[in-house]
$ cat my_file_20.cif   # mmCIF, C-alpha atoms and all ligand atoms
data_data
loop_
_atom_site.label_atom_id
_atom_site.label_comp_id
_atom_site.auth_asym_id
_atom_site.auth_seq_id
_atom_site.Cartn_x
_atom_site.Cartn_y
_atom_site.Cartn_z
CA MET R 1 5.18 7.39 -16.48
CA PHE R 2 1.63 6.44 -15.54
CA SER R 3 0.91 4.64 -18.81
CA LEU R 4 0.21 0.90 -18.64
CA SER R 5 0.23 0.36 -22.42
CA ASN R 6 1.58 -3.07 -23.45
CA LYS R 7 1.16 -4.33 -19.87
CA ILE R 8 -0.92 -7.33 -18.83
CA ALA R 9 -2.62 -6.96 -15.45
CA LEU R 10 -4.23 -9.84 -13.54
CA VAL R 11 -6.76 -8.74 -10.90
CA THR R 12 -8.27 -11.43 -8.70
CA GLY R 13 -11.81 -10.95 -7.42
CA ALA R 14 -12.53 -8.41 -10.16
CA THR R 15 -16.07 -9.14 -11.39
CA GLN R 16 -17.59 -6.53 -9.06
CA GLY R 17 -16.91 -3.93 -6.38
CA LEU R 18 -13.49 -2.58 -5.55
CA GLY R 19 -11.59 -5.20 -7.54
CA MET R 20 -13.49 -4.42 -10.72
CA ALA R 21 -13.01 -0.67 -10.21
CA MET R 22 -9.25 -1.07 -9.85
CA ALA R 23 -9.15 -3.33 -12.91
CA GLN R 24 -11.12 -0.72 -14.87
CA GLY R 25 -8.61 1.92 -13.75
CA LEU R 26 -5.73 -0.20 -15.02
CA GLY R 27 -7.59 -0.80 -18.29
CA LYS R 28 -8.24 2.93 -18.77
CA ALA R 29 -4.48 3.49 -18.32
CA GLY R 30 -3.82 1.07 -21.22
CA ALA R 31 -3.36 -2.34 -19.59
CA VAL R 32 -4.82 -5.55 -20.97
CA VAL R 33 -7.04 -6.67 -18.09
CA VAL R 34 -7.19 -10.29 -16.98
CA TYR R 35 -9.79 -10.76 -14.27
CA ASN R 36 -10.77 -13.63 -12.03
CA ASP R 37 -13.65 -14.80 -9.89
CA ILE R 38 -14.51 -18.12 -8.25
CA ILE R 39 -18.00 -18.10 -9.83
CA PRO R 40 -18.00 -18.80 -13.61
CA GLU R 41 -21.34 -17.03 -14.20
CA ARG R 42 -19.86 -13.78 -12.93
CA ILE R 43 -17.05 -14.01 -15.49
CA GLU R 44 -19.36 -13.64 -18.50
CA LYS R 45 -21.47 -10.91 -16.85
CA ALA R 46 -18.35 -8.87 -16.04
CA LYS R 47 -16.99 -9.23 -19.59
CA ALA R 48 -19.92 -7.15 -20.89
CA ILE R 49 -19.27 -4.46 -18.28
CA TYR R 50 -15.59 -4.20 -19.19
CA ALA R 51 -16.47 -4.17 -22.91
CA SER R 52 -19.01 -1.37 -22.35
CA GLN R 53 -16.11 0.72 -21.07
CA GLY R 54 -13.93 -0.14 -24.06
CA ILE R 55 -11.65 -2.27 -21.89
CA GLN R 56 -10.06 -5.39 -23.40
CA ALA R 57 -10.59 -7.97 -20.66
CA HIS R 58 -10.08 -11.74 -20.39
CA GLY R 59 -11.90 -13.62 -17.63
CA TYR R 60 -10.80 -16.80 -15.83
CA ALA R 61 -12.77 -18.67 -13.18
CA CYS R 62 -10.61 -20.11 -10.40
CA ASN R 63 -10.73 -20.76 -6.68
CA VAL R 64 -7.69 -18.81 -5.52
CA THR R 65 -7.30 -20.96 -2.41
CA ASP R 66 -6.55 -24.03 -4.57
CA SER R 67 -2.89 -24.19 -5.62
CA LEU R 68 -3.50 -26.65 -8.47
CA ALA R 69 -6.30 -24.51 -9.88
CA ILE R 70 -4.08 -21.43 -9.54
CA ASP R 71 -1.24 -23.12 -11.45
CA GLN R 72 -3.65 -24.15 -14.23
CA MET R 73 -5.15 -20.63 -14.45
CA ILE R 74 -1.78 -18.84 -14.56
CA SER R 75 -0.43 -21.31 -17.14
CA ARG R 76 -3.53 -20.69 -19.31
CA ILE R 77 -3.21 -16.91 -18.95
CA GLU R 78 0.48 -16.97 -19.86
CA ALA R 79 -0.28 -19.15 -22.91
CA GLU R 80 -3.48 -17.39 -24.07
CA VAL R 81 -2.87 -13.74 -23.13
CA GLY R 82 0.82 -13.38 -22.30
CA PRO R 83 3.20 -12.77 -19.38
CA ILE R 84 1.67 -11.11 -16.31
CA ASP R 85 3.33 -7.75 -15.63
CA ILE R 86 0.97 -6.58 -12.86
CA LEU R 87 -0.78 -8.69 -10.21
CA VAL R 88 -3.50 -7.19 -8.02
CA ASN R 89 -4.59 -9.54 -5.22
CA SER R 90 -8.08 -8.26 -4.56
CA ALA R 91 -10.13 -11.42 -3.90
CA GLY R 92 -11.61 -11.32 -0.40
CA ILE R 93 -14.52 -12.47 1.73
CA MET R 94 -16.08 -11.37 4.98
CA ARG R 95 -17.42 -13.62 7.75
CA LYS R 96 -18.56 -11.55 10.74
CA GLY R 97 -19.13 -12.57 14.34
CA PRO R 98 -17.78 -12.13 17.87
CA LEU R 99 -14.53 -14.05 18.20
CA GLU R 100 -15.83 -16.09 21.11
CA SER R 101 -18.54 -17.61 18.95
CA LEU R 102 -17.00 -17.46 15.48
CA SER R 103 -16.87 -20.93 13.95
CA ASP R 104 -13.52 -22.52 13.07
CA GLU R 105 -14.81 -22.86 9.52
CA ASP R 106 -15.59 -19.13 9.17
CA TRP R 107 -12.21 -18.22 10.67
CA GLN R 108 -10.38 -20.56 8.30
CA ALA R 109 -12.33 -19.44 5.23
CA VAL R 110 -11.45 -15.79 5.85
CA LEU R 111 -7.75 -16.54 6.41
CA ASP R 112 -7.65 -18.87 3.37
CA VAL R 113 -9.12 -16.33 0.95
CA ASN R 114 -7.91 -13.00 2.33
CA LEU R 115 -4.35 -14.03 3.28
CA THR R 116 -3.18 -17.47 2.15
CA SER R 117 -4.51 -17.09 -1.39
CA VAL R 118 -2.29 -14.02 -1.82
CA PHE R 119 0.73 -16.16 -0.91
CA LYS R 120 -0.36 -18.94 -3.28
CA VAL R 121 -1.21 -16.74 -6.28
CA SER R 122 1.82 -14.46 -5.86
CA LYS R 123 4.21 -17.42 -5.46
CA ARG R 124 2.99 -18.79 -8.83
CA VAL R 125 2.92 -15.45 -10.71
CA VAL R 126 6.25 -14.13 -9.39
CA ARG R 127 8.17 -16.96 -11.14
CA GLY R 128 7.77 -15.17 -14.49
CA MET R 129 8.42 -11.75 -12.97
CA ILE R 130 11.72 -13.00 -11.51
CA GLU R 131 12.70 -14.46 -14.89
CA ARG R 132 11.88 -11.16 -16.64
CA LYS R 133 13.45 -9.09 -13.83
CA LYS R 134 10.38 -6.88 -13.73
CA GLY R 135 6.94 -6.88 -12.10
CA LYS R 136 4.35 -5.14 -9.92
CA ILE R 137 2.32 -6.78 -7.17
CA ILE R 138 -0.41 -4.87 -5.33
CA ASN R 139 -2.12 -6.51 -2.34
CA ILE R 140 -5.48 -5.08 -1.27
CA ASN R 141 -5.26 -4.45 2.46
CA SER R 142 -7.85 -2.61 4.55
CA MET R 143 -8.49 -0.25 7.46
CA MET R 144 -8.45 -3.53 9.35
CA SER R 145 -4.75 -3.92 8.53
CA GLU R 146 -4.32 -1.28 11.25
CA LEU R 147 -7.53 -1.15 13.29
CA GLY R 148 -9.78 -3.65 15.04
CA ARG R 149 -13.54 -3.47 15.28
CA PRO R 150 -16.03 -5.79 16.99
CA THR R 151 -17.18 -8.74 14.79
CA VAL R 152 -14.47 -8.45 12.10
CA GLY R 153 -11.69 -10.25 14.04
CA ALA R 154 -10.93 -12.89 11.42
CA TYR R 155 -10.88 -10.26 8.67
CA ALA R 156 -8.60 -7.97 10.72
CA ALA R 157 -6.23 -10.84 11.50
CA ALA R 158 -6.05 -11.71 7.80
CA LYS R 159 -5.58 -8.11 6.67
CA GLY R 160 -3.03 -7.45 9.42
CA GLY R 161 -1.12 -10.48 8.25
CA LEU R 162 -1.47 -9.29 4.66
CA LYS R 163 0.27 -6.02 5.59
CA MET R 164 3.32 -7.94 6.78
CA LEU R 165 3.14 -10.47 3.91
CA THR R 166 3.18 -7.47 1.54
CA ARG R 167 6.28 -6.06 3.25
CA ASN R 168 8.07 -9.42 3.22
CA MET R 169 7.33 -9.95 -0.46
CA ALA R 170 8.71 -6.47 -1.08
CA VAL R 171 11.86 -7.23 0.90
CA GLU R 172 12.51 -10.55 -0.87
CA TRP R 173 11.64 -9.58 -4.44
CA ALA R 174 12.91 -5.97 -4.75
CA LYS R 175 16.29 -7.22 -5.95
CA HIS R 176 14.49 -8.66 -8.99
CA ASN R 177 13.06 -5.23 -9.85
CA ILE R 178 9.66 -6.33 -8.58
CA GLN R 179 7.82 -3.70 -6.55
CA VAL R 180 5.32 -5.11 -4.04
CA ASN R 181 2.99 -2.67 -2.29
CA GLY R 182 -0.51 -2.54 -0.85
CA ILE R 183 -3.61 -0.42 -1.15
CA GLY R 184 -5.61 0.01 2.04
CA PRO R 185 -9.15 1.11 1.21
CA GLY R 186 -11.04 2.99 3.89
CA TYR R 187 -14.80 2.57 3.88
CA HIS R 188 -15.87 2.41 0.23
CA LEU R 189 -19.29 1.49 -0.97
CA SER R 190 -19.22 -2.20 -1.92
CA ASP R 191 -21.28 -5.35 -1.33
CA ILE R 192 -19.33 -5.98 1.90
CA THR R 193 -19.98 -2.49 3.27
CA ARG R 194 -23.49 -1.83 1.91
CA PRO R 195 -25.21 -2.94 5.18
CA LEU R 196 -23.02 -0.42 7.03
CA ALA R 197 -23.87 2.40 4.62
CA GLU R 198 -27.54 1.71 5.30
CA ASP R 199 -26.97 1.98 9.08
CA PRO R 200 -27.31 5.64 10.18
CA VAL R 201 -25.54 4.98 13.48
CA PHE R 202 -22.49 3.49 11.75
CA THR R 203 -22.44 6.30 9.20
CA LYS R 204 -22.49 8.85 12.05
CA LEU R 205 -19.51 7.06 13.65
CA LEU R 206 -17.69 6.85 10.34
CA MET R 207 -18.18 10.53 9.49
CA SER R 208 -16.78 11.49 12.92
CA ARG R 209 -13.71 9.39 12.11
CA THR R 210 -13.31 10.52 8.48
CA PRO R 211 -11.81 13.99 7.95
CA ALA R 212 -13.04 13.95 4.32
CA LYS R 213 -16.61 13.52 5.67
CA ARG R 214 -17.76 11.11 2.98
CA TRP R 215 -17.78 7.43 2.07
CA GLY R 216 -15.12 6.37 -0.40
CA THR R 217 -16.17 5.22 -3.84
CA PRO R 218 -14.63 2.38 -5.86
CA GLU R 219 -13.47 5.04 -8.37
CA ASP R 220 -11.33 6.62 -5.60
CA LEU R 221 -9.11 3.52 -5.85
CA MET R 222 -8.41 3.75 -9.58
CA GLY R 223 -5.64 6.35 -9.43
CA PRO R 224 -3.75 4.72 -6.54
CA ALA R 225 -3.88 1.38 -8.39
CA VAL R 226 -2.53 2.95 -11.60
CA PHE R 227 0.25 4.67 -9.62
CA LEU R 228 1.40 1.45 -7.92
CA ALA R 229 1.09 -0.50 -11.20
CA SER R 230 3.12 2.02 -13.23
CA GLU R 231 6.74 3.09 -13.65
CA ALA R 232 5.90 6.06 -11.42
CA SER R 233 6.32 3.74 -8.40
CA ASP R 234 9.52 1.93 -9.48
CA PHE R 235 11.27 2.91 -6.23
CA VAL R 236 8.28 2.35 -3.93
CA ASN R 237 8.55 -0.94 -2.00
CA GLY R 238 6.59 -2.37 0.91
CA HIS R 239 4.30 0.63 1.20
CA ILE R 240 0.64 0.35 2.14
CA LEU R 241 -1.10 3.29 0.45
CA TYR R 242 -4.21 4.01 2.53
CA VAL R 243 -7.05 5.51 0.51
CA ASP R 244 -9.24 6.36 3.48
CA GLY R 245 -10.19 10.05 3.45
CA GLY R 246 -7.87 10.56 6.42
CA ILE R 247 -9.32 7.99 8.85
CA LEU R 248 -5.94 6.70 10.02
CA ALA R 249 -4.66 10.26 10.54
CA SER R 250 -7.53 11.17 12.84
CA PHE R 251 -8.63 10.42 16.41
CA GLY R 252 -12.03 11.59 15.32
CA ASP R 253 -13.98 14.73 16.03
CA THR R 254 -17.14 15.56 17.93
CA GLU R 255 -18.70 17.44 15.01
CA ASP R 256 -20.81 14.50 13.86
CA ILE R 257 -21.70 12.94 17.21
CA ARG R 258 -23.18 15.86 19.17
C1 LIG U 301 -16.50 -3.37 8.78
C2 LIG U 301 -16.20 -3.41 7.28
C3 LIG U 301 -14.71 -3.28 7.00
C4 LIG U 301 -14.58 -3.06 5.50
C5 LIG U 301 -13.26 -2.61 5.01
C6 LIG U 301 -12.74 -1.39 5.69
O1 LIG U 301 -17.44 -4.06 9.20
O2 LIG U 301 -15.80 -2.65 9.50
O3 LIG U 301 -16.71 -4.61 6.73
O4 LIG U 301 -14.02 -4.41 7.40
O5 LIG U 301 -14.91 -4.24 4.85
O6 LIG U 301 -12.31 -3.64 5.12
O7 LIG U 301 -11.50 -1.04 5.10
#
$ encode --input "my_file_20.cif" --output "structure tokens"
Amino acid sequence: MFSLSNKIALVTGATQGLGMAMAQGLGKAGAVVVYNDIIPERIEKAKAIYASQGIQAHGYACNVTDSLAIDQMISRIEAEVGPIDILVNSAGIMRKGPLESLSDEDWQAVLDVNLTSVFKVSKRVVRGMIERKKGKIININSMMSELGRPTVGAYAAAKGGLKMLTRNMAVEWAKHNIQVNGIGPGYHLSDITRPLAEDPVFTKLLMSRTPAKRWGTPEDLMGPAVFLASEASDFVNGHILYVDGGILASFGDTEDIR
């Protein structure tokens, strides 16, 4: 029930980091991987990485905030690769700063990529899923779907909105046998979090808040992605699966901050 053989999976933002790891997980489970990035140069570089892991992957450059570009990319994928069975909305950016001084442009960029693009891409891809009466959509949420933290206000607002967008997609599209869910990564080593991992003070805070007492790795997200992309989750709708080492279950402990 966890096999993804004969499935085509589109993962946005999957030329590096968490998106690429989840795409690799889907590929290892048998899916044909279609991956996206806004930067064309990254597409070719990623193709070699996928190939080195024996994963059949097709790359498409597209700005996922641009509806016309999205329509052109999805039409090309459907024509060149085939119908999209699984959509993972993983593209995301970070613009940090205190809310009182955050620029309108930074706010809007974060909301456009982390929230609105999910609406735009999903709206275009779901057409085929509705026609075929079958599909899986996985939106990549965050700890910040549930928690705030100084300087990530725009990101938290976007990811909080993404939690409810995920639930509303699930509510509207379940009758078409389309399961929409989310994955909420905790703190996993990625380009966005690398500065934090290099900060001993933050790591001390994080370990006090993480019952598993370690940083997550991108590989920790592979299994959850396969589960939500497979038949094993055919009656799971509107669920945000947090892969966080227990952060959201814990008030924290004093062990690491004495
Ligand atoms: C931060 C981090 C987080 C992570 C991730 C946590 O500064 O707290 O950047 O926002 O990016 O989203 O799940």
$ closest_residue --input "my_file_20.cif" --among "R:Pro218, R:Leu102, R:Tyr187, R:Ile70" --to "R:Thr203" --atoms "all atoms listed in the file"
R:Tyr187
$ closest_atom_pairs --input "my_file_20.cif" --of "chain R" --to "ligand LIG 301 (chain U)" --cutoff "9 Å" --atoms "only C-alpha atoms and all ligand atoms" --output "JSON lines"
{"residue": "R:Ile93", "atom": "CA", "partner": "U:LIG301", "partner_atom": "O5", "distance": 8.8}
{"residue": "R:Met94", "atom": "CA", "partner": "U:LIG301", "partner_atom": "O3", "distance": 7.0}
{"residue": "R:Lys96", "atom": "CA", "partner": "U:LIG301", "partner_atom": "O1", "distance": 7.7}
{"residue": "R:Asn141", "atom": "CA", "partner": "U:LIG301", "partner_atom": "O6", "distance": 7.6}
{"residue": "R:Ser142", "atom": "CA", "partner": "U:LIG301", "partner_atom": "O7", "distance": 4.0}
{"residue": "R:Met143", "atom": "CA", "partner": "U:LIG301", "partner_atom": "O7", "distance": 3.9}
{"residue": "R:Met144", "atom": "CA", "partner": "U:LIG301", "partner_atom": "O6", "distance": 5.7}
{"residue": "R:Ser145", "atom": "CA", "partner": "U:LIG301", "partner_atom": "O7", "distance": 8.1}
{"residue": "R:Gly148", "atom": "CA", "partner": "U:LIG301", "partner_atom": "O2", "distance": 8.2}
{"residue": "R:Arg149", "atom": "CA", "partner": "U:LIG301", "partner_atom": "O2", "distance": 6.3}
{"residue": "R:Pro150", "atom": "CA", "partner": "U:LIG301", "partner_atom": "O1", "distance": 8.1}
{"residue": "R:Thr151", "atom": "CA", "partner": "U:LIG301", "partner_atom": "O1", "distance": 7.3}
{"residue": "R:Val152", "atom": "CA", "partner": "U:LIG301", "partner_atom": "O1", "distance": 6.0}
{"residue": "R:Tyr155", "atom": "CA", "partner": "U:LIG301", "partner_atom": "O4", "distance": 6.8}
{"residue": "R:Ala156", "atom": "CA", "partner": "U:LIG301", "partner_atom": "O4", "distance": 7.3}
{"residue": "R:Lys159", "atom": "CA", "partner": "U:LIG301", "partner_atom": "O6", "distance": 8.2}
{"residue": "R:Gly184", "atom": "CA", "partner": "U:LIG301", "partner_atom": "O7", "distance": 6.7}
{"residue": "R:Pro185", "atom": "CA", "partner": "U:LIG301", "partner_atom": "O7", "distance": 5.0}
{"residue": "R:Gly186", "atom": "CA", "partner": "U:LIG301", "partner_atom": "O7", "distance": 4.2}
{"residue": "R:Tyr187", "atom": "CA", "partner": "U:LIG301", "partner_atom": "C6", "distance": 4.8}
{"residue": "R:His188", "atom": "CA", "partner": "U:LIG301", "partner_atom": "C6", "distance": 7.4}
{"residue": "R:Ser190", "atom": "CA", "partner": "U:LIG301", "partner_atom": "O5", "distance": 8.3}
{"residue": "R:Asp191", "atom": "CA", "partner": "U:LIG301", "partner_atom": "O5", "distance": 8.9}
{"residue": "R:Ile192", "atom": "CA", "partner": "U:LIG301", "partner_atom": "O5", "distance": 5.6}
{"residue": "R:Thr193", "atom": "CA", "partner": "U:LIG301", "partner_atom": "O3", "distance": 5.2}
{"residue": "R:Arg194", "atom": "CA", "partner": "U:LIG301", "partner_atom": "O3", "distance": 8.8}
{"residue": "R:Pro195", "atom": "CA", "partner": "U:LIG301", "partner_atom": "O3", "distance": 8.8}
{"residue": "R:Leu196", "atom": "CA", "partner": "U:LIG301", "partner_atom": "O1", "distance": 7.0}
{"residue": "R:Asp244", "atom": "CA", "partner": "U:LIG301", "partner_atom": "O7", "distance": 7.9}
$ residues_around --input "my_file_20.cif" --residues "stretch 246-252 of chain R" --least-positions-apart "6" --cutoff "7 Å" --atoms "only C-alpha atoms" --output "number ranges by chain"
R: 208-212
$ write_last_selection --input "my_file_20.cif" --atoms "C-alpha atoms" --output "CSV table (one decimal), keeping the file's coordinate frame"
chain,number,residue,atom,x,y,z
R,208,SER,CA,-16.8,11.5,12.9
R,209,ARG,CA,-13.7,9.4,12.1
R,210,THR,CA,-13.3,10.5,8.5
R,211,PRO,CA,-11.8,14.0,8.0
R,212,ALA,CA,-13.0,14.0,4.3
$ closest_residue --input "my_file_20.cif" --among "R:Leu228, R:Ala91, R:Met73, R:Ala9" --to "R:Val34" --atoms "all atoms listed in the file"
R:Ala9
$ atom_distance --input "my_file_20.cif" --atom1 "atom CA of R:Val118" --atom2 "atom CA of R:Asp66"
11.2 Å
$ residues_around --input "my_file_20.cif" --residues "R:Arg127" --least-positions-apart "6" --cutoff "12 Å" --atoms "all atoms listed in the file" --output "short mmCIF file (atom, residue, chain, number, x, y, z; two decimals) with C-alpha atoms, in the frame of the given file"
data_model
loop_
_atom_site.label_atom_id
_atom_site.label_comp_id
_atom_site.auth_asym_id
_atom_site.auth_seq_id
_atom_site.Cartn_x
_atom_site.Cartn_y
_atom_site.Cartn_z
CA ASP R 71 -1.24 -23.12 -11.45
CA ILE R 74 -1.78 -18.84 -14.56
CA SER R 75 -0.43 -21.31 -17.14
CA GLU R 78 0.48 -16.97 -19.86
CA PRO R 83 3.20 -12.77 -19.38
CA ILE R 84 1.67 -11.11 -16.31
CA ASP R 85 3.33 -7.75 -15.63
CA LYS R 120 -0.36 -18.94 -3.28
CA VAL R 121 -1.21 -16.74 -6.28
CA LYS R 133 13.45 -9.09 -13.83
CA LYS R 134 10.38 -6.88 -13.73
CA GLY R 135 6.94 -6.88 -12.10
CA TRP R 173 11.64 -9.58 -4.44
CA HIS R 176 14.49 -8.66 -8.99
CA ILE R 178 9.66 -6.33 -8.58
#
$ closest_residue --input "my_file_20.cif" --among "R:Glu131, R:Ser230, R:Leu205, R:Leu87" --to "R:Thr254" --atoms "all atoms listed in the file"
R:Leu205
$ atom_distance --input "my_file_20.cif" --atom1 "atom CA of R:Gly59" --atom2 "atom CA of R:Glu231"
25.3 Å
$ closest_residue --input "my_file_20.cif" --among "R:Gly97, R:Pro224, R:Gly161, R:Gly92" --to "R:Ile38" --atoms "only C-alpha atoms"
R:Gly92
$ atom_distance --input "my_file_20.cif" --atom1 "atom CA of R:Gly223" --atom2 "atom CA of R:Gln16"
17.6 Å
$ closest_residue --input "my_file_20.cif" --among "R:Ile137, R:Asp220, R:Ser117, R:Arg258" --to "R:Leu18" --atoms "only C-alpha atoms"
R:Asp220
$ closest_residue --input "my_file_20.cif" --among "R:Ile140, R:Ala154, R:Glu146, R:Ser67" --to "R:Val110" --atoms "only C-alpha atoms"
R:Ala154
$ residues_around --input "my_file_20.cif" --residues "R:Asp37" --least-positions-apart "3" --cutoff "8 Å" --atoms "only C-alpha atoms" --output "NGL selection string"
:R and (12-15 or 40 or 42-43 or 60-63 or 91)
$ axis_aligned_box --input "my_file_20.cif" --around "stretch 100-110 of chain R" --padding-each-side "4 Å" --output "JSON"
{"center_x": -14.5, "center_y": -19.3, "center_z": 13.2, "size_x": 16.2, "size_y": 15.1, "size_z": 23.9}
$ residues_around --input "my_file_20.cif" --residues "R:Asn181" --least-positions-apart "6" --cutoff "6 Å" --atoms "all atoms listed in the file" --output "count of residues only"
5
